[in-house]
file upload_7.pdb (PDB, C-alpha atoms and all ligand atoms)
ATOM      1  CA  MET A  14     -66.168  61.344  36.508
ATOM      2  CA  ARG A  15     -64.190  59.458  39.125
ATOM      3  CA  LYS A  16     -64.883  55.737  39.388
ATOM      4  CA  PRO A  17     -66.199  54.891  42.851
ATOM      5  CA  ILE A  18     -64.423  52.527  45.218
ATOM      6  CA  MET A  19     -65.634  50.369  48.082
ATOM      7  CA  ALA A  20     -62.713  48.965  50.044
ATOM      8  CA  GLY A  21     -63.009  46.613  52.995
ATOM      9  CA  ASN A  22     -60.308  46.633  55.640
ATOM     10  CA  TRP A  23     -60.593  43.379  57.536
ATOM     11  CA  LYS A  24     -57.834  44.300  59.988
ATOM     12  CA  MET A  25     -56.852  41.295  62.165
ATOM     13  CA  ASN A  26     -60.032  39.335  61.470
ATOM     14  CA  LYS A  27     -60.981  36.110  59.685
ATOM     15  CA  THR A  28     -59.281  32.737  59.449
ATOM     16  CA  ARG A  29     -58.500  31.324  56.020
ATOM     17  CA  ASP A  30     -61.741  29.308  56.002
ATOM     18  CA  GLU A  31     -63.828  32.325  57.003
ATOM     19  CA  ALA A  32     -62.153  34.440  54.331
ATOM     20  CA  LEU A  33     -62.821  31.852  51.633
ATOM     21  CA  GLN A  34     -66.461  31.564  52.702
ATOM     22  CA  PHE A  35     -66.759  35.314  52.277
ATOM     23  CA  ILE A  36     -65.243  35.160  48.784
ATOM     24  CA  TYR A  37     -67.708  32.445  47.740
ATOM     25  CA  ALA A  38     -70.585  34.398  49.260
ATOM     26  CA  VAL A  39     -69.843  37.591  47.303
ATOM     27  CA  SER A  40     -68.924  35.940  44.013
ATOM     28  CA  ASN A  41     -71.140  37.107  41.128
ATOM     29  CA  ARG A  42     -73.005  39.437  43.488
ATOM     30  CA  LEU A  43     -70.832  42.557  43.302
ATOM     31  CA  PRO A  44     -71.306  45.425  40.839
ATOM     32  CA  LYS A  45     -69.282  45.011  37.634
ATOM     33  CA  ASN A  46     -65.706  46.187  37.784
ATOM     34  CA  GLU A  47     -66.332  48.733  35.008
ATOM     35  CA  LYS A  48     -68.593  50.560  37.447
ATOM     36  CA  LEU A  49     -66.872  50.069  40.794
ATOM     37  CA  ASP A  50     -63.547  49.058  42.266
ATOM     38  CA  SER A  51     -64.536  46.612  45.025
ATOM     39  CA  ILE A  52     -61.530  45.794  47.151
ATOM     40  CA  ILE A  53     -60.898  43.588  50.169
ATOM     41  CA  CYS A  54     -57.741  44.250  52.183
ATOM     42  CA  ALA A  55     -57.036  41.065  54.093
ATOM     43  CA  PRO A  56     -54.384  39.715  56.468
ATOM     44  CA  ALA A  57     -51.165  38.906  54.578
ATOM     45  CA  ILE A  58     -51.272  35.204  55.354
ATOM     46  CA  ILE A  59     -54.383  34.620  53.233
ATOM     47  CA  LEU A  60     -53.735  37.051  50.372
ATOM     48  CA  ARG A  61     -52.560  34.445  47.873
ATOM     49  CA  ASP A  62     -55.622  32.248  48.548
ATOM     50  CA  LEU A  63     -57.940  35.194  47.981
ATOM     51  CA  VAL A  64     -56.186  36.376  44.820
ATOM     52  CA  LYS A  65     -56.635  32.897  43.317
ATOM     53  CA  ARG A  66     -60.375  33.018  43.931
ATOM     54  CA  GLN A  67     -61.154  36.721  43.659
ATOM     55  CA  GLY A  68     -63.287  36.585  40.492
ATOM     56  CA  ASP A  69     -63.709  39.410  37.953
ATOM     57  CA  ASP A  70     -65.330  42.016  40.161
ATOM     58  CA  LEU A  71     -63.237  41.908  43.316
ATOM     59  CA  ARG A  72     -59.709  43.148  43.885
ATOM     60  CA  ILE A  73     -57.462  42.171  46.781
ATOM     61  CA  GLY A  74     -55.194  44.388  48.858
ATOM     62  CA  ALA A  75     -52.793  44.095  51.783
ATOM     63  CA  GLN A  76     -53.016  46.166  54.969
ATOM     64  CA  ASN A  77     -49.386  47.139  55.405
ATOM     65  CA  MET A  78     -45.970  46.659  53.866
ATOM     66  CA  HIS A  79     -42.350  47.209  54.888
ATOM     67  CA  GLU A  80     -40.466  49.796  52.852
ATOM     68  CA  LYS A  81     -37.461  47.544  52.225
ATOM     69  CA  GLU A  82     -37.374  44.771  49.629
ATOM     70  CA  SER A  83     -35.761  42.194  51.939
ATOM     71  CA  GLY A  84     -33.565  41.940  55.007
ATOM     72  CA  ALA A  85     -33.365  41.357  58.723
ATOM     73  CA  TYR A  86     -36.817  42.642  59.697
ATOM     74  CA  THR A  87     -38.363  39.752  61.595
ATOM     75  CA  GLY A  88     -42.075  39.443  61.042
ATOM     76  CA  GLU A  89     -42.346  42.032  58.277
ATOM     77  CA  ILE A  90     -43.734  41.634  54.742
ATOM     78  CA  SER A  91     -41.902  43.208  51.802
ATOM     79  CA  PRO A  92     -43.245  44.735  48.581
ATOM     80  CA  VAL A  93     -41.604  41.889  46.634
ATOM     81  CA  MET A  94     -43.574  39.371  48.679
ATOM     82  CA  LEU A  95     -46.830  41.238  48.234
ATOM     83  CA  GLN A  96     -46.262  41.506  44.508
ATOM     84  CA  SER A  97     -45.692  37.747  44.313
ATOM     85  CA  THR A  98     -49.156  37.123  45.798
ATOM     86  CA  GLY A  99     -50.793  39.061  42.952
ATOM     87  CA  VAL A 100     -52.465  41.707  45.136
ATOM     88  CA  GLU A 101     -53.207  45.035  43.522
ATOM     89  CA  TYR A 102     -53.540  47.375  46.510
ATOM     90  CA  VAL A 103     -51.919  48.063  49.854
ATOM     91  CA  ILE A 104     -53.233  50.214  52.696
ATOM     92  CA  LEU A 105     -50.461  52.492  53.978
ATOM     93  CA  GLY A 106     -50.374  54.716  57.032
ATOM     94  CA  HIS A 107     -53.554  53.450  58.653
ATOM     95  CA  SER A 108     -54.054  55.244  61.965
ATOM     96  CA  GLU A 109     -53.843  51.935  63.859
ATOM     97  CA  ARG A 110     -50.385  51.401  62.393
ATOM     98  CA  ARG A 111     -49.387  54.973  63.204
ATOM     99  CA  GLN A 112     -50.757  54.674  66.725
ATOM    100  CA  TYR A 113     -49.767  51.133  67.811
ATOM    101  CA  PHE A 114     -46.732  50.459  65.631
ATOM    102  CA  ASN A 115     -45.171  53.917  65.592
ATOM    103  CA  GLU A 116     -45.445  54.331  61.841
ATOM    104  CA  THR A 117     -44.198  57.803  60.923
ATOM    105  CA  ASP A 118     -45.043  60.090  58.009
ATOM    106  CA  GLU A 119     -41.506  59.549  56.724
ATOM    107  CA  ALA A 120     -41.962  55.761  56.700
ATOM    108  CA  VAL A 121     -45.320  56.164  54.964
ATOM    109  CA  ASN A 122     -43.634  58.217  52.239
ATOM    110  CA  LEU A 123     -40.925  55.566  51.722
ATOM    111  CA  LYS A 124     -43.619  52.885  51.577
ATOM    112  CA  ILE A 125     -45.571  54.808  48.947
ATOM    113  CA  HIS A 126     -42.508  55.014  46.705
ATOM    114  CA  LYS A 127     -41.718  51.323  47.165
ATOM    115  CA  ALA A 128     -45.295  50.217  46.598
ATOM    116  CA  LEU A 129     -45.447  52.146  43.320
ATOM    117  CA  GLU A 130     -42.112  50.679  42.241
ATOM    118  CA  PHE A 131     -43.615  47.197  42.661
ATOM    119  CA  ASN A 132     -46.911  48.050  40.941
ATOM    120  CA  LEU A 133     -48.902  48.042  44.150
ATOM    121  CA  LYS A 134     -51.491  50.797  44.467
ATOM    122  CA  PRO A 135     -51.312  52.569  47.826
ATOM    123  CA  ILE A 136     -54.462  53.413  49.762
ATOM    124  CA  LEU A 137     -52.969  56.192  51.862
ATOM    125  CA  CYS A 138     -54.777  56.897  55.145
ATOM    126  CA  VAL A 139     -54.765  60.293  56.811
ATOM    127  CA  GLY A 140     -56.892  61.768  59.573
ATOM    128  CA  GLU A 141     -56.942  63.672  62.823
ATOM    129  CA  SER A 142     -57.612  62.591  66.415
ATOM    130  CA  LEU A 143     -60.555  63.878  68.451
ATOM    131  CA  GLU A 144     -58.259  66.122  70.465
ATOM    132  CA  GLN A 145     -56.812  67.622  67.277
ATOM    133  CA  ARG A 146     -60.281  68.220  65.823
ATOM    134  CA  GLU A 147     -61.474  69.830  69.040
ATOM    135  CA  SER A 148     -58.486  72.146  69.144
ATOM    136  CA  GLY A 149     -59.248  73.271  65.598
ATOM    137  CA  ILE A 150     -56.074  71.957  63.958
ATOM    138  CA  THR A 151     -57.623  69.377  61.609
ATOM    139  CA  HIS A 152     -56.443  71.209  58.488
ATOM    140  CA  THR A 153     -52.901  71.587  59.807
ATOM    141  CA  ILE A 154     -52.742  67.877  60.610
ATOM    142  CA  LEU A 155     -54.082  66.857  57.194
ATOM    143  CA  GLU A 156     -51.758  69.270  55.410
ATOM    144  CA  ASN A 157     -48.755  67.900  57.259
ATOM    145  CA  GLN A 158     -49.691  64.261  56.588
ATOM    146  CA  ILE A 159     -50.411  64.881  52.901
ATOM    147  CA  HIS A 160     -47.300  66.975  52.276
ATOM    148  CA  LYS A 161     -45.044  64.389  53.896
ATOM    149  CA  ALA A 162     -46.726  61.405  52.251
ATOM    150  CA  PHE A 163     -46.462  62.894  48.758
ATOM    151  CA  LEU A 164     -42.853  64.070  49.032
ATOM    152  CA  ASN A 165     -41.164  63.389  45.667
ATOM    153  CA  VAL A 166     -44.230  61.613  44.313
ATOM    154  CA  LYS A 167     -44.732  62.613  40.672
ATOM    155  CA  GLU A 168     -48.019  63.803  39.233
ATOM    156  CA  GLU A 169     -48.140  60.917  36.751
ATOM    157  CA  GLU A 170     -48.012  58.484  39.682
ATOM    158  CA  LEU A 171     -51.149  59.905  41.275
ATOM    159  CA  ASN A 172     -53.592  57.833  39.263
ATOM    160  CA  ASN A 173     -52.264  54.780  41.103
ATOM    161  CA  ILE A 174     -52.805  56.283  44.551
ATOM    162  CA  ILE A 175     -56.032  56.429  46.541
ATOM    163  CA  ILE A 176     -56.392  58.636  49.608
ATOM    164  CA  ALA A 177     -58.616  57.665  52.534
ATOM    165  CA  TYR A 178     -59.670  60.344  54.990
ATOM    166  CA  GLU A 179     -60.211  58.533  58.271
ATOM    167  CA  PRO A 180     -60.799  60.673  61.351
ATOM    168  CA  ILE A 181     -59.411  58.581  64.205
ATOM    169  CA  TRP A 182     -62.362  59.434  66.445
ATOM    170  CA  ALA A 183     -64.729  57.770  63.967
ATOM    171  CA  ILE A 184     -62.863  54.496  63.483
ATOM    172  CA  GLY A 185     -64.536  51.499  65.102
ATOM    173  CA  THR A 186     -66.451  53.777  67.446
ATOM    174  CA  GLY A 187     -69.811  53.820  65.681
ATOM    175  CA  LYS A 188     -69.386  57.604  65.714
ATOM    176  CA  VAL A 189     -69.478  58.416  62.023
ATOM    177  CA  ALA A 190     -68.433  61.874  60.864
ATOM    178  CA  SER A 191     -71.457  63.703  59.510
ATOM    179  CA  ALA A 192     -71.579  63.704  55.732
ATOM    180  CA  GLU A 193     -70.814  67.453  55.741
ATOM    181  CA  VAL A 194     -67.788  67.099  58.032
ATOM    182  CA  ALA A 195     -66.461  64.175  55.980
ATOM    183  CA  ASP A 196     -67.006  66.019  52.705
ATOM    184  CA  GLU A 197     -65.371  69.193  53.988
ATOM    185  CA  ALA A 198     -62.227  67.270  54.999
ATOM    186  CA  CYS A 199     -62.120  65.342  51.708
ATOM    187  CA  GLY A 200     -62.554  68.629  49.846
ATOM    188  CA  TYR A 201     -59.707  70.149  51.823
ATOM    189  CA  ILE A 202     -57.469  67.180  50.944
ATOM    190  CA  ARG A 203     -58.437  67.675  47.290
ATOM    191  CA  SER A 204     -57.412  71.344  47.537
ATOM    192  CA  LEU A 205     -54.032  70.272  48.945
ATOM    193  CA  ILE A 206     -53.514  68.030  45.900
ATOM    194  CA  ARG A 207     -54.488  70.962  43.680
ATOM    195  CA  ASP A 208     -51.856  73.159  45.313
ATOM    196  CA  LEU A 209     -49.178  70.459  45.269
ATOM    197  CA  TYR A 210     -49.879  69.326  41.696
ATOM    198  CA  SER A 211     -52.619  70.742  39.470
ATOM    199  CA  PRO A 212     -56.392  71.249  39.160
ATOM    200  CA  LYS A 213     -56.488  68.195  36.881
ATOM    201  CA  ALA A 214     -54.721  66.035  39.479
ATOM    202  CA  ALA A 215     -57.164  67.247  42.146
ATOM    203  CA  ASP A 216     -60.109  66.428  39.905
ATOM    204  CA  GLN A 217     -58.868  62.952  39.189
ATOM    205  CA  ILE A 218     -57.565  61.660  42.511
ATOM    206  CA  ARG A 219     -59.988  59.406  44.345
ATOM    207  CA  ILE A 220     -60.635  60.184  48.002
ATOM    208  CA  LEU A 221     -62.461  57.784  50.314
ATOM    209  CA  TYR A 222     -64.055  58.382  53.667
ATOM    210  CA  GLY A 223     -63.456  55.823  56.425
ATOM    211  CA  GLY A 224     -64.724  55.556  60.001
ATOM    212  CA  SER A 225     -67.875  53.653  61.018
ATOM    213  CA  VAL A 226     -69.227  53.498  57.463
ATOM    214  CA  SER A 227     -72.287  51.238  57.490
ATOM    215  CA  THR A 228     -75.243  50.295  55.333
ATOM    216  CA  LYS A 229     -77.182  52.979  57.255
ATOM    217  CA  ASN A 230     -74.979  55.970  56.447
ATOM    218  CA  VAL A 231     -73.358  54.960  53.164
ATOM    219  CA  ASP A 232     -75.935  56.628  50.882
ATOM    220  CA  GLU A 233     -75.518  60.027  52.474
ATOM    221  CA  LEU A 234     -71.730  59.781  52.454
ATOM    222  CA  MET A 235     -71.611  58.641  48.828
ATOM    223  CA  ALA A 236     -73.853  61.543  47.792
ATOM    224  CA  GLN A 237     -71.164  64.059  48.788
ATOM    225  CA  PRO A 238     -69.238  65.673  45.928
ATOM    226  CA  ASN A 239     -65.761  65.075  47.345
ATOM    227  CA  ILE A 240     -66.274  61.517  48.587
ATOM    228  CA  ASP A 241     -65.514  58.839  45.995
ATOM    229  CA  GLY A 242     -66.066  55.783  48.161
ATOM    230  CA  GLY A 243     -65.455  54.167  51.504
ATOM    231  CA  LEU A 244     -62.750  52.378  53.445
ATOM    232  CA  VAL A 245     -64.767  50.144  55.701
ATOM    233  CA  GLY A 246     -63.701  48.057  58.688
ATOM    234  CA  GLY A 247     -66.473  46.404  60.709
ATOM    235  CA  ALA A 248     -69.201  46.544  58.064
ATOM    236  CA  SER A 249     -66.965  44.820  55.481
ATOM    237  CA  LEU A 250     -66.673  41.608  57.484
ATOM    238  CA  ASN A 251     -70.114  40.349  56.561
ATOM    239  CA  ALA A 252     -70.653  39.386  52.915
ATOM    240  CA  ASP A 253     -74.231  40.691  52.658
ATOM    241  CA  SER A 254     -73.324  43.985  54.240
ATOM    242  CA  PHE A 255     -70.266  44.403  51.965
ATOM    243  CA  ILE A 256     -72.442  43.706  48.901
ATOM    244  CA  GLU A 257     -74.967  46.286  50.089
ATOM    245  CA  LEU A 258     -72.201  48.879  50.539
ATOM    246  CA  CYS A 259     -70.863  48.131  47.056
ATOM    247  CA  ASN A 260     -74.328  48.486  45.528
ATOM    248  CA  ALA A 261     -74.809  51.789  47.345
ATOM    249  CA  ALA A 262     -71.558  53.083  45.877
ATOM    250  CA  VAL A 263     -72.845  52.726  42.293
ATOM    251  CA  LYS A 264     -76.355  54.090  42.814
TER     252      LYS A 264
HETATM  253  P1  LIG B 301     -64.481  50.987  60.855
HETATM  254  O1  LIG B 301     -62.928  50.995  60.385
HETATM  255  O2  LIG B 301     -65.306  51.018  59.576
HETATM  256  O3  LIG B 301     -64.661  49.702  61.599
HETATM  257  O4  LIG B 301     -64.697  52.202  61.663
HETATM  258  C1  LIG B 301     -62.506  51.784  59.300
HETATM  259  C2  LIG B 301     -61.016  51.645  59.112
HETATM  260  O5  LIG B 301     -60.278  51.611  60.100
HETATM  261  O6  LIG B 301     -60.533  51.579  57.972
END
call {"tool": "encode", "arguments": {"input": "upload_7.pdb", "output": "structure tokens"}}
result
Amino acid sequence: MRKPIMAGNWKMNKTRDEALQFIYAVSNRLPKNEKLDSIICAPAIILRDLVKRQGDDLRIGAQNMHEKESGAYTGEISPVMLQSTGVEYVILGHSERRQYFNETDEAVNLKIHKALEFNLKPILCVGESLEQRESGITHTILENQIHKAFLNVKEEELNNIIIAYEPIWAIGTGKVASAEVADEACGYIRSLIRDLYSPKAADQIRILYGGSVSTKNVDELMAQPNIDGGLVGGASLNADSFIELCNAAVK
């Protein structure tokens, strides 16, 4: 049995005060950590504040990380810096980073290795665009992203990596993938892990669906055999809605 995950991706939202209000609002209201990994991935500038107040049942993650430990990279955040905040997770390869900040599969692979070296657990995002889905190349795109991301990653490192399948056409659009479409893609990703590693690795790796997850569709998505949780943008910004999503994940 894979432990479910509900991860919020706040993107570029919330001031420090708003973030702290959220933390107070969810405290003691989330499912116990033995049952669910509840994670909030917040802007880097408030990570330390959130880690200090996260409580027993919430984990904190970053949304991006540079692959180098230090150096002349104005504006970037290094794995060393993230580690010093006490965060446990880091989203890598989100489609918004690939699309707007030219993040490549090669960079994502370097970031995965660095994150693991600094005890940060990557939440690796993969997913196809609408055009790619419509031209029938979803599997090719996913295969390429997964193969490149996992280059030289060892099987024993997999239990510290989470994969999020996020079709770009479903992110922030309100256009959720149907539960069947989402499950099929997550199942395909699982089969890629089986081929790259082993049946055991495929059974154990946790795969999330992301893209317009809401309190309305979460039950159906969570009921799918290959979906172990959600990576949620918009619906994670409100404390009550995040709590509802977390409760749905442990039903
Ligand atoms: P959304 O974002 O839930 O607002 O669609 C998901 C994501 O980008 O991780």
call {"tool": "resolve_selection", "arguments": {"input": "upload_7.pdb", "expression": "the PyMOL selection byres (((not hetatm)) within 10 of (chain B and resi 301))", "output": "PyMOL selection string"}}
result
chain A and resi 20-24+54+76+104+107-109+138+177-189+222-227+243-250
call {"tool": "atom_distance", "arguments": {"input": "upload_7.pdb", "atom1": "atom CA of Gln145 of chain A", "atom2": "atom CA of Ala236 of chain A"}}
result
26.6 Å
call {"tool": "closest_residue", "arguments": {"input": "upload_7.pdb", "among": "A:Asp118, A:Asp253, A:Asp69, A:Glu193", "to": "Val139 of chain A", "atoms": "all atoms listed in the file"}}
result
A:Asp118
call {"tool": "resolve_selection", "arguments": {"input": "upload_7.pdb", "expression": "the PyMOL selection byres (((chain A and resi 169-176) around 8) and not hetatm)", "output": "list in words"}}
result
Leu129, Lys134, Pro135, Ile136, Leu137, Cys138, Val139, Val166, Lys167, Glu168, Ala177, Tyr178, Ala214, Gln217, Ile218, Arg219, Ile220 and Leu221 of chain A
call {"tool": "closest_residue", "arguments": {"input": "upload_7.pdb", "among": "A:Ala262, A:Ile159, A:Leu123, A:Leu60", "to": "Met94 of chain A", "atoms": "only C-alpha atoms"}}
result
A:Leu60
call {"tool": "resolve_selection", "arguments": {"input": "upload_7.pdb", "expression": "the PyMOL selection byres (((chain A and resi 153) around 12) and not hetatm)", "output": "PyMOL selection string"}}
result
chain A and resi 139-141+145-146+148-152+154-160+198+201-202+205
call {"tool": "write_last_selection", "arguments": {"input": "upload_7.pdb", "atoms": "C-alpha atoms", "output": "PDB file, in the coordinates of the input"}}
result
ATOM      1  CA  VAL A 139     -54.765  60.293  56.811  1.00  0.00           C
ATOM      2  CA  GLY A 140     -56.892  61.768  59.573  1.00  0.00           C
ATOM      3  CA  GLU A 141     -56.942  63.672  62.823  1.00  0.00           C
ATOM      4  CA  GLN A 145     -56.812  67.622  67.277  1.00  0.00           C
ATOM      5  CA  ARG A 146     -60.281  68.220  65.823  1.00  0.00           C
ATOM      6  CA  SER A 148     -58.486  72.146  69.144  1.00  0.00           C
ATOM      7  CA  GLY A 149     -59.248  73.271  65.598  1.00  0.00           C
ATOM      8  CA  ILE A 150     -56.074  71.957  63.958  1.00  0.00           C
ATOM      9  CA  THR A 151     -57.623  69.377  61.609  1.00  0.00           C
ATOM     10  CA  HIS A 152     -56.443  71.209  58.488  1.00  0.00           C
ATOM     11  CA  ILE A 154     -52.742  67.877  60.610  1.00  0.00           C
ATOM     12  CA  LEU A 155     -54.082  66.857  57.194  1.00  0.00           C
ATOM     13  CA  GLU A 156     -51.758  69.270  55.410  1.00  0.00           C
ATOM     14  CA  ASN A 157     -48.755  67.900  57.259  1.00  0.00           C
ATOM     15  CA  GLN A 158     -49.691  64.261  56.588  1.00  0.00           C
ATOM     16  CA  ILE A 159     -50.411  64.881  52.901  1.00  0.00           C
ATOM     17  CA  HIS A 160     -47.300  66.975  52.276  1.00  0.00           C
ATOM     18  CA  ALA A 198     -62.227  67.270  54.999  1.00  0.00           C
ATOM     19  CA  TYR A 201     -59.707  70.149  51.823  1.00  0.00           C
ATOM     20  CA  ILE A 202     -57.469  67.180  50.944  1.00  0.00           C
ATOM     21  CA  LEU A 205     -54.032  70.272  48.945  1.00  0.00           C
TER      22      LEU A 205
END
call {"tool": "atom_distance", "arguments": {"input": "upload_7.pdb", "atom1": "atom CA of Glu257 of chain A", "atom2": "atom CA of Ala75 of chain A"}}
result
22.3 Å
call {"tool": "atom_distance", "arguments": {"input": "upload_7.pdb", "atom1": "atom CA of Phe255 of chain A", "atom2": "atom CA of Leu71 of chain A"}}
result
11.4 Å
call {"tool": "decode", "arguments": {"input": "upload_7.pdb", "residues": "segment 37-51 of chain A", "atoms": "N, CA, C and O atoms", "output": "compact mmCIF listing (two decimals), in the first residue's frame"}}
result
# COMPACT_ATOMS: atom_id res chain seq x y z
N TYR A 37 -1.89 28.63 10.55
CA TYR A 37 -2.69 28.59 11.78
C TYR A 37 -4.05 27.96 11.50
O TYR A 37 -4.56 27.18 12.29
N ALA A 38 -4.62 28.29 10.36
CA ALA A 38 -5.96 27.78 10.03
C ALA A 38 -5.98 26.26 9.84
O ALA A 38 -6.99 25.62 10.16
N VAL A 39 -4.91 25.69 9.33
CA VAL A 39 -4.93 24.23 9.11
C VAL A 39 -4.40 23.45 10.32
O VAL A 39 -4.54 22.22 10.37
N SER A 40 -3.81 24.13 11.27
CA SER A 40 -3.13 23.39 12.34
C SER A 40 -4.14 22.57 13.15
O SER A 40 -5.23 23.04 13.48
N ASN A 41 -3.76 21.33 13.41
CA ASN A 41 -4.62 20.34 14.09
C ASN A 41 -5.87 19.94 13.31
O ASN A 41 -6.77 19.33 13.86
N ARG A 42 -5.95 20.29 12.05
CA ARG A 42 -7.14 19.93 11.27
C ARG A 42 -6.82 19.03 10.08
O ARG A 42 -7.70 18.69 9.30
N LEU A 43 -5.55 18.65 9.95
CA LEU A 43 -5.16 17.78 8.83
C LEU A 43 -5.11 16.33 9.29
O LEU A 43 -4.89 16.06 10.47
N PRO A 44 -5.31 15.38 8.37
CA PRO A 44 -5.17 13.97 8.75
C PRO A 44 -3.77 13.72 9.34
O PRO A 44 -2.82 14.42 9.00
N LYS A 45 -3.67 12.74 10.21
CA LYS A 45 -2.39 12.42 10.85
C LYS A 45 -1.34 12.03 9.81
O LYS A 45 -1.66 11.40 8.80
N ASN A 46 -0.11 12.40 10.11
CA ASN A 46 0.97 12.11 9.16
C ASN A 46 1.18 10.61 8.91
O ASN A 46 1.70 10.22 7.86
N GLU A 47 0.77 9.75 9.83
CA GLU A 47 0.92 8.31 9.56
C GLU A 47 0.04 7.90 8.38
O GLU A 47 0.33 6.93 7.68
N LYS A 48 -1.04 8.66 8.17
CA LYS A 48 -1.98 8.28 7.11
C LYS A 48 -1.76 9.02 5.80
O LYS A 48 -2.14 8.56 4.73
N LEU A 49 -1.22 10.24 5.88
CA LEU A 49 -1.13 11.08 4.69
C LEU A 49 0.09 11.99 4.78
O LEU A 49 0.39 12.53 5.85
N ASP A 50 0.77 12.17 3.66
CA ASP A 50 1.78 13.23 3.59
C ASP A 50 1.08 14.47 3.05
O ASP A 50 0.76 14.54 1.86
N SER A 51 0.84 15.44 3.92
CA SER A 51 0.27 16.73 3.50
C SER A 51 1.43 17.69 3.34
O SER A 51 2.22 17.86 4.27
